[in-house]
$ cat protein_37.pdb   # PDB, C-alpha atoms and all ligand atoms
MODEL        1
ATOM      1  CA  MET E   1     -14.045  11.069 -11.183
ATOM      2  CA  THR E   2     -14.189   7.760 -13.008
ATOM      3  CA  ILE E   3     -15.780   4.583 -11.738
ATOM      4  CA  THR E   4     -13.551   1.688 -10.758
ATOM      5  CA  PRO E   5     -13.280  -0.820 -13.622
ATOM      6  CA  ALA E   6     -14.840  -4.091 -12.463
ATOM      7  CA  ALA E   7     -11.738  -6.026 -13.494
ATOM      8  CA  THR E   8      -9.859  -4.618 -10.525
ATOM      9  CA  ILE E   9     -12.190  -6.394  -8.067
ATOM     10  CA  THR E  10     -11.355 -10.031  -7.420
ATOM     11  CA  ALA E  11     -14.082 -11.994  -5.686
ATOM     12  CA  LEU E  12     -13.196 -15.565  -4.804
ATOM     13  CA  PRO E  13     -15.130 -18.464  -6.309
ATOM     14  CA  ALA E  14     -17.417 -20.029  -3.678
ATOM     15  CA  GLU E  15     -15.522 -23.341  -3.671
ATOM     16  CA  LEU E  16     -12.281 -21.492  -2.923
ATOM     17  CA  GLU E  17     -13.920 -19.542  -0.080
ATOM     18  CA  GLU E  18     -15.180 -22.791   1.411
ATOM     19  CA  ALA E  19     -11.790 -24.456   1.158
ATOM     20  CA  LEU E  20      -9.997 -21.472   2.721
ATOM     21  CA  THR E  21     -12.443 -21.452   5.632
ATOM     22  CA  GLU E  22     -11.860 -25.147   6.196
ATOM     23  CA  LEU E  23      -8.072 -25.024   5.852
ATOM     24  CA  ALA E  24      -7.430 -21.783   7.787
ATOM     25  CA  PRO E  25      -7.275 -23.371  11.271
ATOM     26  CA  ALA E  26      -4.380 -25.555  10.078
ATOM     27  CA  LEU E  27      -2.213 -22.566   9.106
ATOM     28  CA  PRO E  28       0.486 -22.061  11.760
ATOM     29  CA  PRO E  29       1.449 -18.615  13.103
ATOM     30  CA  TRP E  30       3.881 -16.930  10.727
ATOM     31  CA  THR E  31       7.549 -16.363  11.391
ATOM     32  CA  VAL E  32       9.460 -13.327  10.225
ATOM     33  CA  ALA E  33      13.125 -13.715   9.251
ATOM     34  CA  GLY E  34      14.846 -10.327   9.363
ATOM     35  CA  SER E  35      12.061  -8.170   7.984
ATOM     36  CA  PHE E  36      10.643 -10.703   5.509
ATOM     37  CA  LEU E  37       7.979 -13.332   6.003
ATOM     38  CA  ALA E  38      10.102 -16.453   6.530
ATOM     39  CA  GLY E  39      10.572 -18.785   3.569
ATOM     40  CA  SER E  40       9.525 -21.652   5.853
ATOM     41  CA  THR E  41       6.174 -19.940   6.527
ATOM     42  CA  ILE E  42       5.635 -19.299   2.826
ATOM     43  CA  GLU E  43       6.298 -22.984   2.128
ATOM     44  CA  GLN E  44       4.015 -24.162   4.971
ATOM     45  CA  TYR E  45       1.156 -21.921   3.861
ATOM     46  CA  ARG E  46       1.567 -23.015   0.254
ATOM     47  CA  ALA E  47       1.518 -26.689   1.261
ATOM     48  CA  GLN E  48      -1.480 -26.314   3.591
ATOM     49  CA  LEU E  49      -3.506 -24.433   0.984
ATOM     50  CA  ALA E  50      -2.484 -26.683  -1.919
ATOM     51  CA  PRO E  51      -5.880 -28.491  -1.879
ATOM     52  CA  ALA E  52      -7.799 -25.204  -2.267
ATOM     53  CA  PRO E  53      -9.318 -25.156  -5.778
ATOM     54  CA  LEU E  54      -8.598 -22.167  -8.047
ATOM     55  CA  LEU E  55      -6.164 -20.537  -5.620
ATOM     56  CA  ASP E  56      -3.296 -20.478  -8.110
ATOM     57  CA  GLN E  57      -5.545 -19.045 -10.819
ATOM     58  CA  THR E  58      -6.806 -16.374  -8.421
ATOM     59  CA  ILE E  59      -3.255 -15.358  -7.529
ATOM     60  CA  SER E  60      -2.174 -15.315 -11.196
ATOM     61  CA  GLY E  61      -5.194 -13.124 -11.934
ATOM     62  CA  LEU E  62      -4.161 -10.687  -9.200
ATOM     63  CA  ARG E  63      -0.629 -10.534 -10.558
ATOM     64  CA  ARG E  64      -1.947  -9.789 -14.039
ATOM     65  CA  THR E  65      -4.205  -7.023 -12.721
ATOM     66  CA  LEU E  66      -1.316  -5.487 -10.781
ATOM     67  CA  GLY E  67       1.275  -5.544 -13.568
ATOM     68  CA  GLY E  68       1.366  -4.573 -17.207
ATOM     69  CA  PRO E  69       0.921  -1.184 -18.798
ATOM     70  CA  THR E  70      -2.743  -0.751 -17.895
ATOM     71  CA  GLY E  71      -2.732  -2.468 -14.508
ATOM     72  CA  GLY E  72      -1.713  -1.209 -11.150
ATOM     73  CA  TYR E  73      -4.115  -2.005  -8.354
ATOM     74  CA  ALA E  74      -6.512  -4.734  -7.318
ATOM     75  CA  VAL E  75      -9.099  -5.345  -4.628
ATOM     76  CA  LEU E  76      -9.118  -8.855  -3.233
ATOM     77  CA  ARG E  77     -12.571  -9.374  -1.781
ATOM     78  CA  LEU E  78     -12.351 -11.618   1.308
ATOM     79  CA  GLY E  79     -15.599 -10.491   2.939
ATOM     80  CA  ASN E  80     -17.201 -13.931   2.974
ATOM     81  CA  THR E  81     -14.032 -15.432   4.416
ATOM     82  CA  ALA E  82     -14.011 -12.702   7.092
ATOM     83  CA  ARG E  83     -17.647 -13.493   7.907
ATOM     84  CA  ALA E  84     -16.838 -17.188   8.248
ATOM     85  CA  LEU E  85     -13.580 -16.838  10.205
ATOM     86  CA  GLY E  86     -13.876 -13.449  11.898
ATOM     87  CA  THR E  87     -10.954 -11.078  11.319
ATOM     88  CA  GLY E  88      -8.567 -12.611  13.854
ATOM     89  CA  ASP E  89      -5.438 -14.721  13.368
ATOM     90  CA  HIS E  90      -6.921 -17.395  11.111
ATOM     91  CA  PHE E  91      -8.242 -14.805   8.703
ATOM     92  CA  LEU E  92      -4.973 -12.838   8.724
ATOM     93  CA  ARG E  93      -3.031 -16.016   7.952
ATOM     94  CA  VAL E  94      -5.255 -16.669   4.931
ATOM     95  CA  ALA E  95      -4.792 -13.084   3.707
ATOM     96  CA  THR E  96      -1.040 -13.325   4.300
ATOM     97  CA  ALA E  97      -0.850 -16.640   2.438
ATOM     98  CA  ILE E  98      -2.649 -15.240  -0.619
ATOM     99  CA  LEU E  99      -0.557 -12.064  -0.656
ATOM    100  CA  ALA E 100       2.602 -14.163  -0.356
ATOM    101  CA  GLY E 101       1.628 -15.538  -3.771
ATOM    102  CA  VAL E 102       1.729 -12.010  -5.204
ATOM    103  CA  ALA E 103       5.063 -10.909  -3.652
ATOM    104  CA  VAL E 104       6.937 -11.301  -0.367
ATOM    105  CA  PRO E 105       5.299  -9.732   2.716
ATOM    106  CA  PHE E 106       7.772  -7.699   4.752
ATOM    107  CA  GLN E 107       7.831  -5.163   7.530
ATOM    108  CA  PRO E 108       9.972  -2.143   6.621
ATOM    109  CA  PHE E 109       9.020  -0.344   9.858
ATOM    110  CA  LYS E 110      11.017  -2.054  12.583
ATOM    111  CA  ARG E 111       8.657  -0.834  15.281
ATOM    112  CA  TRP E 112       5.481  -2.205  13.674
ATOM    113  CA  PRO E 113       4.289  -5.760  13.218
ATOM    114  CA  LEU E 114       3.813  -7.351   9.809
ATOM    115  CA  TRP E 115       0.227  -6.021   9.677
ATOM    116  CA  LYS E 116       0.310  -2.424  10.898
ATOM    117  CA  GLU E 117      -2.895  -0.971  12.303
ATOM    118  CA  ILE E 118      -4.292   2.195  10.754
ATOM    119  CA  GLY E 119      -7.092   3.225  13.058
ATOM    120  CA  THR E 120      -8.993   6.496  13.270
ATOM    121  CA  SER E 121      -7.851   9.171  15.670
ATOM    122  CA  LEU E 122      -9.650  12.456  16.197
ATOM    123  CA  ASP E 123      -6.394  13.929  17.539
ATOM    124  CA  ALA E 124      -4.232  13.045  14.529
ATOM    125  CA  ASN E 125      -3.511  15.541  11.763
ATOM    126  CA  PRO E 126      -6.618  15.032   9.556
ATOM    127  CA  GLY E 127      -4.542  14.483   6.401
ATOM    128  CA  ARG E 128      -2.342  11.764   7.924
ATOM    129  CA  SER E 129      -3.043   8.058   7.766
ATOM    130  CA  THR E 130      -4.935   7.794  11.054
ATOM    131  CA  GLY E 131      -6.637  11.174  10.639
ATOM    132  CA  THR E 132     -10.233  11.775   9.590
ATOM    133  CA  GLY E 133      -9.626  14.130   6.658
ATOM    134  CA  TYR E 134      -8.520  13.973   3.046
ATOM    135  CA  ASN E 135      -5.323  11.940   2.701
ATOM    136  CA  ALA E 136      -4.020  13.276  -0.616
ATOM    137  CA  PHE E 137      -2.347  11.226  -3.349
ATOM    138  CA  HIS E 138       0.951   9.708  -2.330
ATOM    139  CA  MET E 139       3.118   6.645  -2.438
ATOM    140  CA  ASP E 140       4.267   5.035   0.795
ATOM    141  CA  LEU E 141       7.927   5.478   1.854
ATOM    142  CA  VAL E 142       8.442   8.028  -0.906
ATOM    143  CA  ASN E 143      11.797   9.129   0.552
ATOM    144  CA  ALA E 144      13.402   5.681   0.535
ATOM    145  CA  THR E 145      15.655   4.596  -2.315
ATOM    146  CA  ARG E 146      13.736   1.292  -2.379
ATOM    147  CA  PRO E 147      10.105   1.880  -1.426
ATOM    148  CA  PRO E 148       7.949  -1.245  -1.067
ATOM    149  CA  ASP E 149       6.897  -2.537  -4.484
ATOM    150  CA  TYR E 150       3.326  -2.960  -3.232
ATOM    151  CA  THR E 151       1.370  -1.471  -0.392
ATOM    152  CA  THR E 152      -1.765  -3.257   0.760
ATOM    153  CA  LEU E 153      -4.650  -2.107   2.941
ATOM    154  CA  LEU E 154      -6.987  -4.635   4.530
ATOM    155  CA  CYS E 155     -10.307  -3.258   5.697
ATOM    156  CA  ILE E 156     -11.294  -4.627   9.093
ATOM    157  CA  ARG E 157     -13.992  -1.991   9.650
ATOM    158  CA  PRO E 158     -15.197   0.642   7.176
ATOM    159  CA  ASP E 159     -16.251   4.050   8.488
ATOM    160  CA  PRO E 160     -19.632   3.274  10.112
ATOM    161  CA  LEU E 161     -20.794   6.678   8.854
ATOM    162  CA  GLY E 162     -20.023   5.679   5.272
ATOM    163  CA  GLY E 163     -17.058   7.952   4.468
ATOM    164  CA  GLY E 164     -13.397   7.413   3.647
ATOM    165  CA  PRO E 165     -13.428   5.901   0.157
ATOM    166  CA  SER E 166     -10.016   5.030  -1.235
ATOM    167  CA  ILE E 167      -8.720   7.031  -4.175
ATOM    168  CA  LEU E 168      -6.318   5.722  -6.807
ATOM    169  CA  SER E 169      -4.644   7.235  -9.817
ATOM    170  CA  ASP E 170      -2.381   5.949 -12.572
ATOM    171  CA  ALA E 171       0.847   7.859 -11.959
ATOM    172  CA  ARG E 172       2.356   6.835 -15.293
ATOM    173  CA  ALA E 173      -0.657   8.170 -17.173
ATOM    174  CA  ALA E 174      -0.551  11.383 -15.119
ATOM    175  CA  ALA E 175       3.178  11.830 -15.800
ATOM    176  CA  SER E 176       2.620  11.306 -19.526
ATOM    177  CA  ARG E 177       0.363  14.385 -19.583
ATOM    178  CA  LEU E 178       3.002  16.713 -18.101
ATOM    179  CA  SER E 179       4.319  19.671 -20.021
ATOM    180  CA  PRO E 180       7.963  19.248 -21.071
ATOM    181  CA  SER E 181       9.101  21.985 -18.690
ATOM    182  CA  SER E 182       7.386  20.401 -15.683
ATOM    183  CA  ARG E 183       8.749  17.019 -16.647
ATOM    184  CA  ALA E 184      12.277  18.428 -16.671
ATOM    185  CA  LEU E 185      11.794  20.052 -13.254
ATOM    186  CA  LEU E 186      10.317  16.875 -11.754
ATOM    187  CA  ALA E 187      13.378  14.923 -12.917
ATOM    188  CA  GLU E 188      15.573  17.090 -10.674
ATOM    189  CA  LYS E 189      16.483  16.166  -7.104
ATOM    190  CA  ALA E 190      14.569  18.994  -5.498
ATOM    191  CA  TYR E 191      11.923  17.336  -3.334
ATOM    192  CA  ARG E 192      11.838  16.244   0.278
ATOM    193  CA  TYR E 193       9.275  14.643   2.498
ATOM    194  CA  GLY E 194       9.288  12.926   5.824
ATOM    195  CA  SER E 195      11.766  11.470   8.217
ATOM    196  CA  PHE E 196      13.639   8.222   7.733
ATOM    197  CA  TYR E 197      14.473   6.032  10.668
ATOM    198  CA  GLU E 198      14.094   2.506  11.975
ATOM    199  CA  LEU E 199      13.478   1.140   8.500
ATOM    200  CA  SER E 200      14.615  -2.182   7.076
ATOM    201  CA  ASP E 201      15.012  -3.307   3.497
ATOM    202  CA  ALA E 202      13.812  -0.028   2.046
ATOM    203  CA  GLY E 203      17.262   1.137   0.982
ATOM    204  CA  GLU E 204      18.721   4.433   2.089
ATOM    205  CA  GLU E 205      17.162   7.784   2.738
ATOM    206  CA  TYR E 206      16.635   9.612  -0.551
ATOM    207  CA  ALA E 207      16.647  13.342   0.153
ATOM    208  CA  PRO E 208      16.312  15.416  -1.822
ATOM    209  CA  PHE E 209      14.681  13.100  -4.357
ATOM    210  CA  ALA E 210      13.574  13.415  -7.966
ATOM    211  CA  VAL E 211       9.911  12.665  -8.699
ATOM    212  CA  LEU E 212      10.632  11.186 -12.120
ATOM    213  CA  ASP E 213      13.399   8.719 -12.875
ATOM    214  CA  SER E 214      14.508   7.203 -16.145
ATOM    215  CA  ASP E 215      13.983   3.596 -15.037
ATOM    216  CA  PRO E 216      11.422   1.315 -16.710
ATOM    217  CA  ALA E 217       7.914   1.553 -15.207
ATOM    218  CA  ASP E 218       8.185  -1.840 -13.518
ATOM    219  CA  THR E 219      11.273  -0.903 -11.513
ATOM    220  CA  GLY E 220      11.234   2.896 -11.294
ATOM    221  CA  PHE E 221       8.766   5.089  -9.406
ATOM    222  CA  VAL E 222       6.863   8.297  -9.786
ATOM    223  CA  ARG E 223       7.976   9.509  -6.364
ATOM    224  CA  PHE E 224       5.122  11.702  -5.443
ATOM    225  CA  THR E 225       3.345  12.715  -2.304
ATOM    226  CA  ALA E 226       1.081  15.750  -2.247
ATOM    227  CA  LYS E 227       2.456  16.418   1.232
ATOM    228  CA  MET E 228       5.840  17.471  -0.168
ATOM    229  CA  LEU E 229       4.157  20.518  -1.723
ATOM    230  CA  THR E 230       4.087  22.255   1.622
ATOM    231  CA  GLU E 231       7.617  21.322   2.719
ATOM    232  CA  PRO E 232       9.680  24.385   3.604
ATOM    233  CA  GLY E 233      12.427  25.219   1.142
ATOM    234  CA  LEU E 234      10.669  24.018  -2.008
ATOM    235  CA  ASP E 235      11.115  26.693  -4.689
ATOM    236  CA  GLU E 236       8.141  27.910  -6.700
ATOM    237  CA  ALA E 237       9.202  26.407 -10.061
ATOM    238  CA  HIS E 238       9.533  22.882  -8.640
ATOM    239  CA  ALA E 239       6.380  23.297  -6.548
ATOM    240  CA  SER E 240       4.412  24.380  -9.598
ATOM    241  CA  ALA E 241       5.615  21.358 -11.604
ATOM    242  CA  ALA E 242       4.537  19.065  -8.758
ATOM    243  CA  ARG E 243       1.157  20.817  -8.603
ATOM    244  CA  GLU E 244       0.706  20.114 -12.308
ATOM    245  CA  LEU E 245       1.324  16.406 -11.642
ATOM    246  CA  ALA E 246      -1.086  16.503  -8.692
ATOM    247  CA  GLY E 247      -3.725  17.974 -11.004
ATOM    248  CA  HIS E 248      -3.285  15.192 -13.557
ATOM    249  CA  LEU E 249      -3.508  12.607 -10.764
ATOM    250  CA  THR E 250      -6.783  14.077  -9.568
ATOM    251  CA  GLU E 251      -8.181  14.212 -13.125
ATOM    252  CA  GLY E 252      -7.503  10.490 -13.528
ATOM    253  CA  GLN E 253      -8.797   9.521 -10.106
ATOM    254  CA  HIS E 254     -10.670   6.285  -9.383
ATOM    255  CA  SER E 255     -12.570   5.935  -6.154
ATOM    256  CA  LEU E 256     -13.808   2.890  -4.302
ATOM    257  CA  MET E 257     -15.165   2.104  -0.882
ATOM    258  CA  LEU E 258     -13.385  -0.735   0.873
ATOM    259  CA  GLN E 259     -15.735  -3.205   2.539
ATOM    260  CA  ARG E 260     -14.951  -5.415   5.502
ATOM    261  CA  GLY E 261     -12.526  -8.091   4.328
ATOM    262  CA  ASP E 262     -11.381  -6.207   1.199
ATOM    263  CA  VAL E 263      -7.637  -6.043   0.568
ATOM    264  CA  LEU E 264      -6.556  -3.157  -1.653
ATOM    265  CA  ILE E 265      -3.234  -3.992  -3.313
ATOM    266  CA  VAL E 266      -1.414  -1.097  -4.984
ATOM    267  CA  ASN E 267       1.571  -1.500  -7.281
ATOM    268  CA  GLN E 268       3.613   1.494  -6.164
ATOM    269  CA  HIS E 269       5.560   1.580  -9.428
ATOM    270  CA  ARG E 270       2.355   2.521 -11.243
ATOM    271  CA  TYR E 271      -0.339   3.918  -8.963
ATOM    272  CA  MET E 272      -0.696   6.556  -6.255
ATOM    273  CA  HIS E 273      -3.251   6.100  -3.507
ATOM    274  CA  GLY E 274      -5.029   8.156  -0.886
ATOM    275  CA  ARG E 275      -8.318   8.529   0.951
ATOM    276  CA  GLU E 276     -11.324  10.850   0.901
ATOM    277  CA  PRO E 277     -12.403  12.290   4.265
ATOM    278  CA  LEU E 278     -14.315  10.137   6.695
ATOM    279  CA  SER E 279     -17.882  11.271   7.286
ATOM    280  CA  ALA E 280     -18.502  14.095   9.747
ATOM    281  CA  GLY E 281     -19.661  13.127  13.229
ATOM    282  CA  GLN E 282     -16.840  10.746  14.225
ATOM    283  CA  GLU E 283     -16.996  12.091  17.809
ATOM    284  CA  ALA E 284     -20.283  10.219  18.220
ATOM    285  CA  ILE E 285     -18.702   6.881  17.242
ATOM    286  CA  PRO E 286     -17.016   4.930  20.053
ATOM    287  CA  PRO E 287     -13.271   4.653  19.244
ATOM    288  CA  ASP E 288     -13.463   0.862  18.921
ATOM    289  CA  ASP E 289     -16.161   1.151  16.276
ATOM    290  CA  ARG E 290     -14.333   3.625  14.030
ATOM    291  CA  ARG E 291     -12.741   2.761  10.684
ATOM    292  CA  LEU E 292      -9.839   0.323  11.002
ATOM    293  CA  LEU E 293      -7.430  -0.841   8.314
ATOM    294  CA  LEU E 294      -4.370  -3.059   8.494
ATOM    295  CA  GLN E 295      -1.438  -2.272   6.257
ATOM    296  CA  LEU E 296       1.050  -4.754   4.844
ATOM    297  CA  PHE E 297       3.906  -4.130   2.408
ATOM    298  CA  LEU E 298       5.180  -6.478  -0.269
ATOM    299  CA  ARG E 299       8.563  -6.794  -1.932
ATOM    300  CA  SER E 300       8.783  -8.329  -5.404
ATOM    301  CA  ALA E 301      10.331 -11.767  -5.086
ATOM    302  CA  ASP E 302      13.073 -10.892  -7.553
ATOM    303  CA  ASP E 303      14.076  -7.820  -5.524
ATOM    304  CA  ARG E 304      14.504  -9.267  -2.057
ATOM    305  CA  THR E 305      18.210  -8.658  -1.522
ATOM    306  CA  PRO E 306      18.522  -7.791   2.153
ATOM    307  CA  TYR E 307      20.112  -4.446   2.635
ATOM    308  CA  THR E 308      23.378  -4.909   4.447
ATOM    309  CA  HIS E 309      23.804  -1.316   5.600
ATOM    310  CA  PRO E 310      20.635  -0.300   7.434
ATOM    311  CA  ARG E 311      20.731   3.325   8.455
ATOM    312  CA  GLN E 312      20.980   4.198  12.081
ATOM    313  CA  ALA E 313      18.257   6.321  13.608
ATOM    314  CA  PRO E 314      19.238   9.958  13.152
ATOM    315  CA  THR E 315      19.434  12.112  16.214
ATOM    316  CA  ARG E 316      16.843  14.637  15.076
TER     317      ARG E 316
HETATM  318  O1  LIG E 401      -6.745   5.595   5.159
HETATM  319  C1  LIG E 401      -6.528   5.166   4.049
HETATM  320  O2  LIG E 401      -7.394   4.622   3.355
HETATM  321  C2  LIG E 401      -5.154   5.288   3.430
HETATM  322  C3  LIG E 401      -4.038   5.321   4.433
HETATM  323  C4  LIG E 401      -2.709   5.424   3.769
HETATM  324  O3  LIG E 401      -2.585   5.570   2.598
HETATM  325  C5  LIG E 401      -1.475   5.327   4.564
HETATM  326  O4  LIG E 401      -1.550   5.258   5.783
HETATM  327  O5  LIG E 401      -0.396   5.307   3.995
HETATM  328 FE    FE E 402      -0.448   5.325   2.018
ENDMDL
END
$ encode --input "protein_37.pdb" --output "structure tokens"
Amino acid sequence: MTITPAATITALPAELEEALTELAPALPPWTVAGSFLAGSTIEQYRAQLAPAPLLDQTISGLRRTLGGPTGGYAVLRLGNTARALGTGDHFLRVATAILAGVAVPFQPFKRWPLWKEIGTSLDANPGRSTGTGYNAFHMDLVNATRPPDYTTLLCIRPDPLGGGPSILSDARAAASRLSPSSRALLAEKAYRYGSFYELSDAGEEYAPFAVLDSDPADTGFVRFTAKMLTEPGLDEAHASAARELAGHLTEGQHSLMLQRGDVLIVNQHRYMHGREPLSAGQEAIPPDDRRLLLQLFLRSADDRTPYTHPRQAPTR
């Protein structure tokens, strides 16, 4: 396991933190138009935060860290801002405003708000997002033709017992280490995972899907989720190729512990993400004190075409 390169962590300059704390109360509630953060909100937030020093440079730095052949994820450290503002509406508006400088916030899940809670449930399947176990490498909305370009996780409360570090791996680097035979198998439409309903602006259901496409890295995906390995109907040759990719992802793994106020931003075209298990003993923690994240998705500004044929909920 490698250590997270320091360049991926973006702490705000003190003068920017101060300005954000001062300006936050003036940010109005956001409006969502269709499934995207409204253009009017983006404009209002930009105008209100215009006096904040070094904001543009901070956002350009994030964009550089997230793009390019060696980039792919960033941690925006808003802990001081969270201490000053609390983690309520004013803080969420600041986080939303900064992320809106990276790409356009949107809510692909019609039944969830813009910031979707990921709490900790002792009843959930341990490997799922709200579970307490190992959440293996994956990309979000893997079975959509247009997954979100970025997925972001804001830490409201880390695991009080100190577990649950985030794991990240460069999917392009992992794919480059594949044997030719596995690469050929992974380019075939042989993989399935998950259901697909009540989604907006994520394209159509893609099932079965190919893990590897021939698109450039900035637009294509390595459509991988370790959870597809146990889907019924997957033949051994394709499963073995996917296991090889999973192995390369684990070899190249970075790990980091999100602190209160950290926003992990993952470029889904380049990186897979997941989570190590939370610490044992969660039963002793009152539910309201357990780990809590908020998830927000981003769509690249140049790829915002609303989908005109949303799929109806299937009857399964
Ligand atoms: O719990 C985490 O840190 C990751 C959750 C996640 O990746 C998800 O819900 O999609
Ligand atoms: Fe995820």
$ residues_around --input "protein_37.pdb" --residues "segment 67-69 of chain E" --least-positions-apart "3" --cutoff "12 Å" --atoms "all atoms listed in the file" --output "PyMOL selection string"
chain E and resi 8+60-64+72-74+102-103+149-150+170-173+216-219+265-271+300
$ residues_near_ligand --input "protein_37.pdb" --ligand "ligand LIG 401 (chain E)" --cutoff "6 Å" --atoms "only C-alpha atoms and all ligand atoms" --output "MDAnalysis selection string"
chainID E and resid 129 140 166 274:275
$ resolve_selection --input "protein_37.pdb" --expression "the PyMOL selection byres (((not hetatm)) within 12 of (chain E and resi 402))" --output "NGL selection string"
:E and (116 or 118 or 127-130 or 134-142 or 147-148 or 150-153 or 166-168 or 224-227 or 264-268 or 271-275 or 293-297)
$ residues_near_point --input "protein_37.pdb" --point "(8.1, 21.3, -16.1)" --cutoff "12 Å" --atoms "all atoms listed in the file" --output "list in words"
Ala175, Ser176, Arg177, Leu178, Ser179, Pro180, Ser181, Ser182, Arg183, Ala184, Leu185, Leu186, Ala187, Glu188, Val211, Leu212, Glu236, Ala237, His238, Ala239, Ser240, Ala241, Ala242, Arg243, Glu244 and Leu245 of chain E
$ atom_distance --input "protein_37.pdb" --atom1 "atom CA of Thr120 of chain E" --atom2 "atom CA of Thr81 of chain E"
24.2 Å
$ residues_near_point --input "protein_37.pdb" --point "(-6.9, -26.3, -4.4)" --cutoff "12 Å" --atoms "all atoms listed in the file" --output "list in words"
Pro13, Glu15, Leu16, Glu17, Glu18, Ala19, Leu20, Glu22, Leu23, Arg46, Ala47, Gln48, Leu49, Ala50, Pro51, Ala52, Pro53, Leu54, Leu55, Asp56, Gln57, Thr58 and Ile59 of chain E
$ atom_distance --input "protein_37.pdb" --atom1 "atom CA of Ala190 of chain E" --atom2 "atom CA of Asn143 of chain E"
11.9 Å
$ resolve_selection --input "protein_37.pdb" --expression "the PyMOL selection byres (((chain E and resi 280) around 9) and not hetatm)" --output "count of residues only"
9
$ atom_distance --input "protein_37.pdb" --atom1 "atom CA of Pro113 of chain E" --atom2 "atom CA of Leu92 of chain E"
12.5 Å
$ closest_residue --input "protein_37.pdb" --among "E:Gly261, E:Gly39, E:Pro29, E:Gly247" --to "Ser169 of chain E" --atoms "all atoms listed in the file"
E:Gly247
$ resolve_selection --input "protein_37.pdb" --expression "the PyMOL selection byres (((chain E and resi 32) around 12) and not hetatm)" --output "mmCIF file with C-alpha atoms, in the frame of the given file"
data_model
loop_
_atom_site.group_PDB
_atom_site.id
_atom_site.type_symbol
_atom_site.label_atom_id
_atom_site.label_comp_id
_atom_site.auth_asym_id
_atom_site.auth_seq_id
_atom_site.Cartn_x
_atom_site.Cartn_y
_atom_site.Cartn_z
ATOM 1 C CA PRO E 29 1.449 -18.615 13.103
ATOM 2 C CA TRP E 30 3.881 -16.930 10.727
ATOM 3 C CA THR E 31 7.549 -16.363 11.391
ATOM 4 C CA ALA E 33 13.125 -13.715 9.251
ATOM 5 C CA GLY E 34 14.846 -10.327 9.363
ATOM 6 C CA SER E 35 12.061 -8.170 7.984
ATOM 7 C CA PHE E 36 10.643 -10.703 5.509
ATOM 8 C CA LEU E 37 7.979 -13.332 6.003
ATOM 9 C CA ALA E 38 10.102 -16.453 6.530
ATOM 10 C CA GLY E 39 10.572 -18.785 3.569
ATOM 11 C CA SER E 40 9.525 -21.652 5.853
ATOM 12 C CA THR E 41 6.174 -19.940 6.527
ATOM 13 C CA ILE E 42 5.635 -19.299 2.826
ATOM 14 C CA VAL E 104 6.937 -11.301 -0.367
ATOM 15 C CA PRO E 105 5.299 -9.732 2.716
ATOM 16 C CA PHE E 106 7.772 -7.699 4.752
ATOM 17 C CA GLN E 107 7.831 -5.163 7.530
ATOM 18 C CA PRO E 108 9.972 -2.143 6.621
ATOM 19 C CA LYS E 110 11.017 -2.054 12.583
ATOM 20 C CA PRO E 113 4.289 -5.760 13.218
ATOM 21 C CA LEU E 114 3.813 -7.351 9.809
ATOM 22 C CA TRP E 115 0.227 -6.021 9.677
#
$ closest_residue --input "protein_37.pdb" --among "E:Glu251, E:Glu198, E:Asp89, E:Asp262" --to "Arg77 of chain E" --atoms "only C-alpha atoms"
E:Asp262
$ closest_residue --input "protein_37.pdb" --among "E:Gly162, E:Gly71, E:Pro208, E:Pro287" --to "Met257 of chain E" --atoms "only C-alpha atoms"
E:Gly162
